[in-house]
Amino acid sequence: MKSALFNRQSDDKPYLISGPCSAETEAQVLETCQRLAATGKVQALRAGIWKPRTKPGGFEGIGTKGLPWLKKASELTGLPVAVEVATAKHVEDCLAFGVDILWVGARTTGNPFSVQEIANVLRGVDVPVLVKNPIHPELELWVGAVERLQKAGLKQVGLIHRGFSSYGNTDFRNAPMWHLPIEMKRRLPELPLLCDPSHICGRRDTLAAVAQQALNLGFDGNMLESHIDPDNAWSDAKQQITPEVLRDLIENLVWRHETTNEQEFLSALTGLREQINQLDAEMMQLLGRRMAVAERIGQYKRDNDITILQTNRWNEVLERAQRQGASVGLTHEFVEQYLAAVHLESINRQNRVMEG
């Protein structure tokens, strides 16, 4: 039978998976899950059974003995349960205890050998499998993991966006880099897409904003960690919230639909999109003219034995653009990323001129 996540209608409420980061004790799992079920906001329960850790010595999960706790939680609440798997043995144990939904974690997604091992043991099994993005922002690894599972015959494959490791990032535990899940949604529109604000944020105070942004972007729902005593959780204490706080968070989220049949809205949207199309066409023309000038500059540099990269000039261009961008409401980050792409294309054009 298909999971509700894979049989959603356009007007269904957002799908929510919630539960503790780690299963610690049977009492903790059962109380958390029952309190979550009592909120009426949760469609599936989760708990970490095996916890990959960067260094040895930390809590690496309660292990297989926690699976009967989840099975009992499912029986008490009537809700399906989800568990992260990283090896064939994990999968076999989960299937033996009737786990309803599996997910592949970020570290595992980044290892094609591990994903293939999981795919092989799931061949011929009809179970939903969600794939988290890899730790590093490599879209093809994410796509590849999905394809390996699909080639093994799995029909219910979905995505979880949990953010990406980013050097120097301080606002998030894992940078959202929203353009990457958006690109996955463009490439694989038939796959359900959830957001994991807990791992993106790493702290409680920003969970609601990230969960809302995911819904604004058309995600199918969220995975949020919940614990009966978050401050004393055995893992990831700072990002967990109580079931009651979770209920309030979910009640305050706004669920928006991807489209509507209201003609007035559709007509207005069509007009605005046509303006966007026209502006995009003009921008492409301007960028083409800019690159033609860059090639002429490359010719002068070649004829006078001057290097392509002029650091002082680049700094001047960037500083001026930042001022101009700020005056029209463009963020510092956007201007920098945009100009970096334009600058790289200019360098490539000039390099081709140099090579003659």
# chains A, B, ... in the order shown; residues from 1 in each chain; ligands from 1
$ residues_around --residues "Leu102 (chain A)" --least-positions-apart "5" --cutoff "6 Å" --atoms "only C-alpha atoms" --output "ChimeraX atom specification"
/A:82-84,129
$ write_last_selection --atoms "C-alpha atoms" --output "JSON list (two decimals), in the first residue's frame"
[["chain", "number", "residue", "atom", "x", "y", "z"],
["A", 82, "ALA", "CA", 10.37, 6.10, 9.86],
["A", 83, "VAL", "CA", 14.01, 5.17, 10.50],
["A", 84, "GLU", "CA", 17.34, 6.15, 8.92],
["A", 129, "VAL", "CA", 12.43, 5.44, 0.88]]
$ residues_around --residues "Thr32 (chain A)" --least-positions-apart "4" --cutoff "12 Å" --atoms "only C-alpha atoms" --output "MDAnalysis selection string"
chainID A and resid 18:28 36:39 42 45:47 69:70 73:74 76:77 225:230 233 240:244 246
$ closest_residue --among "A:Trp50, A:Phe113, A:Trp255, A:Tyr300" --to "Gly221 (chain A)" --atoms "only C-alpha atoms"
A:Trp255
$ residues_around --residues "Asn133 (chain A)" --least-positions-apart "5" --cutoff "6 Å" --atoms "only C-alpha atoms" --output "MDAnalysis selection string"
chainID A and resid 106 142 161
$ closest_residue --among "A:Lys51, A:Lys65, A:His257, A:Lys72" --to "Glu31 (chain A)" --atoms "only C-alpha atoms"
A:Lys72
$ atom_distance --atom1 "CA of Arg352 (chain A)" --atom2 "CA of Asp305 (chain A)"
14.7 Å
$ atom_distance --atom1 "CA of Ile62 (chain A)" --atom2 "CA of Ile49 (chain A)"
5.7 Å
$ residues_around --residues "Asp12 (chain A)" --least-positions-apart "4" --cutoff "12 Å" --atoms "only C-alpha atoms" --output "list in words"
Ala4, Leu5, Phe6, Asn7, Arg8, Leu16, Gln43, Asp220, Gly221, Trp255, Arg256, His257 and Glu258 of chain A
$ write_last_selection --atoms "N, CA and C atoms" --output "JSON list (two decimals), in the first residue's frame"
[["chain", "number", "residue", "atom", "x", "y", "z"],
["A", 4, "ALA", "N", 0.96, 7.67, 2.54],
["A", 4, "ALA", "CA", 0.17, 8.88, 2.28],
["A", 4, "ALA", "C", 1.01, 9.97, 1.63],
["A", 5, "LEU", "N", 2.30, 9.96, 1.89],
["A", 5, "LEU", "CA", 3.18, 10.96, 1.28],
["A", 5, "LEU", "C", 3.26, 10.80, -0.22],
["A", 6, "PHE", "N", 3.09, 9.57, -0.69],
["A", 6, "PHE", "CA", 3.22, 9.29, -2.12],
["A", 6, "PHE", "C", 1.86, 9.19, -2.80],
["A", 7, "ASN", "N", 0.81, 9.56, -2.11],
["A", 7, "ASN", "CA", -0.53, 9.50, -2.68],
["A", 7, "ASN", "C", -1.29, 10.77, -2.31],
["A", 8, "ARG", "N", -0.56, 11.90, -2.34],
["A", 8, "ARG", "CA", -1.11, 13.17, -1.88],
["A", 8, "ARG", "C", -1.93, 13.85, -2.97],
["A", 16, "LEU", "N", 3.93, 15.86, 7.82],
["A", 16, "LEU", "CA", 4.88, 16.09, 8.90],
["A", 16, "LEU", "C", 5.35, 14.77, 9.49],
["A", 43, "GLN", "N", 1.85, 13.08, 10.69],
["A", 43, "GLN", "CA", 1.43, 11.97, 9.83],
["A", 43, "GLN", "C", 2.32, 10.74, 9.96],
["A", 220, "ASP", "N", 6.42, 19.51, 0.12],
["A", 220, "ASP", "CA", 5.25, 18.75, 0.55],
["A", 220, "ASP", "C", 5.08, 18.69, 2.06],
["A", 221, "GLY", "N", 6.10, 19.12, 2.79],
["A", 221, "GLY", "CA", 6.00, 19.11, 4.24],
["A", 221, "GLY", "C", 7.36, 19.21, 4.88],
["A", 255, "TRP", "N", -0.11, 27.33, 4.83],
["A", 255, "TRP", "CA", -0.03, 26.34, 3.76],
["A", 255, "TRP", "C", -0.57, 26.96, 2.47],
["A", 256, "ARG", "N", 0.30, 27.11, 1.48],
["A", 256, "ARG", "CA", -0.09, 27.72, 0.22],
["A", 256, "ARG", "C", -0.12, 26.67, -0.89],
["A", 257, "HIS", "N", -1.03, 26.88, -1.84],
["A", 257, "HIS", "CA", -1.16, 25.94, -2.95],
["A", 257, "HIS", "C", -0.33, 26.41, -4.14],
["A", 258, "GLU", "N", 0.02, 25.46, -4.99],
["A", 258, "GLU", "CA", 0.88, 25.78, -6.13],
["A", 258, "GLU", "C", 0.15, 26.60, -7.18]]
$ select_by_dssp --residues "region 112-323 of chain A" --states "strand (DSSP E)" --output "PyMOL selection string"
chain A and resi 129-132+157-161+193-195+221-225
$ select_by_dssp --residues "region 77-224 of chain A" --states "alpha helix (DSSP H)" --output "PyMOL selection string"
chain A and resi 77+88-96+106-109+112-122+139-151+179-187+197-201+207-216
$ closest_atom_pairs --of "region 93-186 of chain A" --to "region 196-212 of chain A" --cutoff "6 Å" --atoms "only C-alpha atoms" --output "JSON lines"
{"residue": "A:His161", "atom": "CA", "partner": "A:Asp196", "partner_atom": "CA", "distance": 5.9}
{"residue": "A:Arg162", "atom": "CA", "partner": "A:Asp196", "partner_atom": "CA", "distance": 4.8}
{"residue": "A:Gly163", "atom": "CA", "partner": "A:Ile200", "partner_atom": "CA", "distance": 5.0}
{"residue": "A:Phe172", "atom": "CA", "partner": "A:Cys201", "partner_atom": "CA", "distance": 4.8}
{"residue": "A:Arg173", "atom": "CA", "partner": "A:Gly202", "partner_atom": "CA", "distance": 4.9}
{"residue": "A:Asn174", "atom": "CA", "partner": "A:Ile200", "partner_atom": "CA", "distance": 4.6}
$ write_last_selection --atoms "N, CA and C atoms" --output "PDB file, in the first residue's frame"
ATOM      1  N   HIS A 161      15.339  17.621   2.100  1.00  0.00           N
ATOM      2  CA  HIS A 161      16.344  18.679   2.069  1.00  0.00           C
ATOM      3  C   HIS A 161      16.746  19.000   3.499  1.00  0.00           C
ATOM      4  N   ARG A 162      18.028  18.745   3.862  1.00  0.00           N
ATOM      5  CA  ARG A 162      18.488  18.981   5.226  1.00  0.00           C
ATOM      6  C   ARG A 162      19.643  19.984   5.278  1.00  0.00           C
ATOM      7  N   GLY A 163      19.862  20.690   4.167  1.00  0.00           N
ATOM      8  CA  GLY A 163      20.918  21.688   4.133  1.00  0.00           C
ATOM      9  C   GLY A 163      22.269  21.088   3.827  1.00  0.00           C
ATOM     10  N   PHE A 172      23.316  29.089  10.001  1.00  0.00           N
ATOM     11  CA  PHE A 172      22.661  27.788  10.017  1.00  0.00           C
ATOM     12  C   PHE A 172      23.675  26.706  10.358  1.00  0.00           C
ATOM     13  N   ARG A 173      23.160  25.636  10.916  1.00  0.00           N
ATOM     14  CA  ARG A 173      24.025  24.468  11.107  1.00  0.00           C
ATOM     15  C   ARG A 173      24.447  23.915   9.748  1.00  0.00           C
ATOM     16  N   ASN A 174      23.490  23.875   8.846  1.00  0.00           N
ATOM     17  CA  ASN A 174      23.754  23.471   7.457  1.00  0.00           C
ATOM     18  C   ASN A 174      23.037  24.467   6.539  1.00  0.00           C
TER      19      ASN A 174
END
